[in-house]
Amino acid sequence: MGDVVELDSRRPHVKMLATDGTIHVIPLVTLEKIAKGELCITQLDDWQKLVPSIVEDWIDCLPIEG
């Protein structure tokens with residue numbers, strides 16, 4: 001597990017439920033860097049447990065047809 005850090009200087013943030021039931025608080029800037037390719041998701045602690053939640057949220061936002 002990584003270090004616990006103060007998030008006040010890193011707001012806004014996203015709370016994500018991992019597949020093992022733990023909650024991860026991730027600064028929005030971190031997710032933006034991942035989306036831009038400036039940071040690899042594998043650099044996040046427990047990234048394997050977060051990907052399913054990210055994909056699920058992404059699917060929920062898609063305009064599903066049929």
# chains A, B, ... in the order shown; residues from 1 in each chain; ligands from 1
>>> select_by_dssp(residues="stretch 2-48 of chain A", states="strand (DSSP E)", output="ChimeraX atom specification")
/A:13-17,23-27
>>> residues_around(residues="A:Thr30", least_positions_apart="2", cutoff="10 Å", atoms="only C-alpha atoms", output="list in words")
Arg10, His13, Val14, Ile26, Pro27, Leu28, Glu32, Lys33, Ile34, Ala35, Lys36, Glu38, Leu39, Cys40, Ile41 and Leu44 of chain A
>>> residues_around(residues="A:Lys15", least_positions_apart="6", cutoff="7 Å", atoms="only C-alpha atoms", output="number ranges by chain")
A: 23-26
>>> closest_residue(among="A:Asp3, A:Leu31, A:Asp20, A:Pro12", to="A:Gln48", atoms="only C-alpha atoms")
A:Asp20
>>> select_by_dssp(residues="chain A", states="helix (DSSP H, G or I)", output="ChimeraX atom specification")
/A:8-10,28-36,41-43,47-61
>>> write_last_selection(atoms="N, CA and C atoms", output="PDB file, in the first residue's frame")
ATOM      1  N   ASP A   8      -5.863  18.074   0.708  1.00  0.00           N
ATOM      2  CA  ASP A   8      -6.342  19.454   0.608  1.00  0.00           C
ATOM      3  C   ASP A   8      -5.728  20.207  -0.553  1.00  0.00           C
ATOM      4  N   SER A   9      -4.454  19.985  -0.830  1.00  0.00           N
ATOM      5  CA  SER A   9      -3.803  20.694  -1.919  1.00  0.00           C
ATOM      6  C   SER A   9      -4.045  20.020  -3.264  1.00  0.00           C
ATOM      7  N   ARG A  10      -4.757  18.916  -3.273  1.00  0.00           N
ATOM      8  CA  ARG A  10      -4.950  18.148  -4.513  1.00  0.00           C
ATOM      9  C   ARG A  10      -6.420  18.003  -4.871  1.00  0.00           C
ATOM     10  N   LEU A  28      -8.391  14.456  -8.997  1.00  0.00           N
ATOM     11  CA  LEU A  28      -8.851  14.562 -10.373  1.00  0.00           C
ATOM     12  C   LEU A  28      -7.696  14.819 -11.326  1.00  0.00           C
ATOM     13  N   VAL A  29      -6.726  15.606 -10.895  1.00  0.00           N
ATOM     14  CA  VAL A  29      -5.574  15.895 -11.758  1.00  0.00           C
ATOM     15  C   VAL A  29      -4.834  14.608 -12.132  1.00  0.00           C
ATOM     16  N   THR A  30      -4.815  13.636 -11.249  1.00  0.00           N
ATOM     17  CA  THR A  30      -4.176  12.353 -11.535  1.00  0.00           C
ATOM     18  C   THR A  30      -4.926  11.620 -12.641  1.00  0.00           C
ATOM     19  N   LEU A  31      -6.254  11.588 -12.550  1.00  0.00           N
ATOM     20  CA  LEU A  31      -7.046  10.930 -13.585  1.00  0.00           C
ATOM     21  C   LEU A  31      -6.932  11.665 -14.912  1.00  0.00           C
ATOM     22  N   GLU A  32      -6.840  12.984 -14.874  1.00  0.00           N
ATOM     23  CA  GLU A  32      -6.666  13.764 -16.100  1.00  0.00           C
ATOM     24  C   GLU A  32      -5.324  13.443 -16.760  1.00  0.00           C
ATOM     25  N   LYS A  33      -4.283  13.283 -15.954  1.00  0.00           N
ATOM     26  CA  LYS A  33      -2.968  12.934 -16.503  1.00  0.00           C
ATOM     27  C   LYS A  33      -2.990  11.544 -17.131  1.00  0.00           C
ATOM     28  N   ILE A  34      -3.716  10.615 -16.529  1.00  0.00           N
ATOM     29  CA  ILE A  34      -3.849   9.280 -17.100  1.00  0.00           C
ATOM     30  C   ILE A  34      -4.581   9.372 -18.439  1.00  0.00           C
ATOM     31  N   ALA A  35      -5.650  10.155 -18.492  1.00  0.00           N
ATOM     32  CA  ALA A  35      -6.426  10.305 -19.730  1.00  0.00           C
ATOM     33  C   ALA A  35      -5.597  10.932 -20.843  1.00  0.00           C
ATOM     34  N   LYS A  36      -4.692  11.834 -20.499  1.00  0.00           N
ATOM     35  CA  LYS A  36      -3.856  12.512 -21.496  1.00  0.00           C
ATOM     36  C   LYS A  36      -2.615  11.703 -21.873  1.00  0.00           C
ATOM     37  N   ILE A  41      -1.626   4.345 -15.776  1.00  0.00           N
ATOM     38  CA  ILE A  41      -2.505   3.886 -14.703  1.00  0.00           C
ATOM     39  C   ILE A  41      -1.815   2.868 -13.795  1.00  0.00           C
ATOM     40  N   THR A  42      -0.817   2.173 -14.324  1.00  0.00           N
ATOM     41  CA  THR A  42      -0.115   1.171 -13.520  1.00  0.00           C
ATOM     42  C   THR A  42       0.692   1.808 -12.393  1.00  0.00           C
ATOM     43  N   GLN A  43       0.817   3.123 -12.410  1.00  0.00           N
ATOM     44  CA  GLN A  43       1.521   3.811 -11.327  1.00  0.00           C
ATOM     45  C   GLN A  43       0.633   4.041 -10.105  1.00  0.00           C
ATOM     46  N   TRP A  47      -4.093  -0.552  -8.978  1.00  0.00           N
ATOM     47  CA  TRP A  47      -4.747  -0.157 -10.219  1.00  0.00           C
ATOM     48  C   TRP A  47      -5.600  -1.268 -10.810  1.00  0.00           C
ATOM     49  N   GLN A  48      -5.192  -2.532 -10.603  1.00  0.00           N
ATOM     50  CA  GLN A  48      -5.970  -3.644 -11.145  1.00  0.00           C
ATOM     51  C   GLN A  48      -7.364  -3.706 -10.515  1.00  0.00           C
ATOM     52  N   LYS A  49      -7.457  -3.256  -9.287  1.00  0.00           N
ATOM     53  CA  LYS A  49      -8.743  -3.280  -8.581  1.00  0.00           C
ATOM     54  C   LYS A  49      -9.595  -2.062  -8.921  1.00  0.00           C
ATOM     55  N   LEU A  50      -9.004  -1.058  -9.555  1.00  0.00           N
ATOM     56  CA  LEU A  50      -9.731   0.161  -9.896  1.00  0.00           C
ATOM     57  C   LEU A  50     -10.254   0.161 -11.328  1.00  0.00           C
ATOM     58  N   VAL A  51      -9.582  -0.548 -12.217  1.00  0.00           N
ATOM     59  CA  VAL A  51      -9.966  -0.536 -13.633  1.00  0.00           C
ATOM     60  C   VAL A  51     -11.419  -0.963 -13.846  1.00  0.00           C
ATOM     61  N   PRO A  52     -11.906  -2.024 -13.196  1.00  0.00           N
ATOM     62  CA  PRO A  52     -13.317  -2.384 -13.406  1.00  0.00           C
ATOM     63  C   PRO A  52     -14.283  -1.245 -13.044  1.00  0.00           C
ATOM     64  N   SER A  53     -14.009  -0.508 -11.981  1.00  0.00           N
ATOM     65  CA  SER A  53     -14.874   0.617 -11.603  1.00  0.00           C
ATOM     66  C   SER A  53     -14.804   1.738 -12.625  1.00  0.00           C
ATOM     67  N   ILE A  54     -13.605   1.991 -13.140  1.00  0.00           N
ATOM     68  CA  ILE A  54     -13.440   3.034 -14.154  1.00  0.00           C
ATOM     69  C   ILE A  54     -14.218   2.668 -15.408  1.00  0.00           C
ATOM     70  N   VAL A  55     -14.095   1.422 -15.851  1.00  0.00           N
ATOM     71  CA  VAL A  55     -14.796   0.982 -17.057  1.00  0.00           C
ATOM     72  C   VAL A  55     -16.310   1.000 -16.837  1.00  0.00           C
ATOM     73  N   GLU A  56     -16.755   0.565 -15.674  1.00  0.00           N
ATOM     74  CA  GLU A  56     -18.189   0.567 -15.368  1.00  0.00           C
ATOM     75  C   GLU A  56     -18.758   1.986 -15.421  1.00  0.00           C
ATOM     76  N   ASP A  57     -18.050   2.935 -14.815  1.00  0.00           N
ATOM     77  CA  ASP A  57     -18.502   4.334 -14.850  1.00  0.00           C
ATOM     78  C   ASP A  57     -18.502   4.868 -16.282  1.00  0.00           C
ATOM     79  N   TRP A  58     -17.491   4.500 -17.046  1.00  0.00           N
ATOM     80  CA  TRP A  58     -17.396   4.933 -18.442  1.00  0.00           C
ATOM     81  C   TRP A  58     -18.578   4.393 -19.240  1.00  0.00           C
ATOM     82  N   ILE A  59     -18.890   3.110 -19.068  1.00  0.00           N
ATOM     83  CA  ILE A  59     -20.011   2.498 -19.783  1.00  0.00           C
ATOM     84  C   ILE A  59     -21.317   3.189 -19.408  1.00  0.00           C
ATOM     85  N   ASP A  60     -21.479   3.518 -18.132  1.00  0.00           N
ATOM     86  CA  ASP A  60     -22.704   4.192 -17.690  1.00  0.00           C
ATOM     87  C   ASP A  60     -22.917   5.533 -18.386  1.00  0.00           C
ATOM     88  N   CYS A  61     -21.837   6.150 -18.845  1.00  0.00           N
ATOM     89  CA  CYS A  61     -21.928   7.459 -19.496  1.00  0.00           C
ATOM     90  C   CYS A  61     -22.116   7.359 -21.007  1.00  0.00           C
TER      91      CYS A  61
END
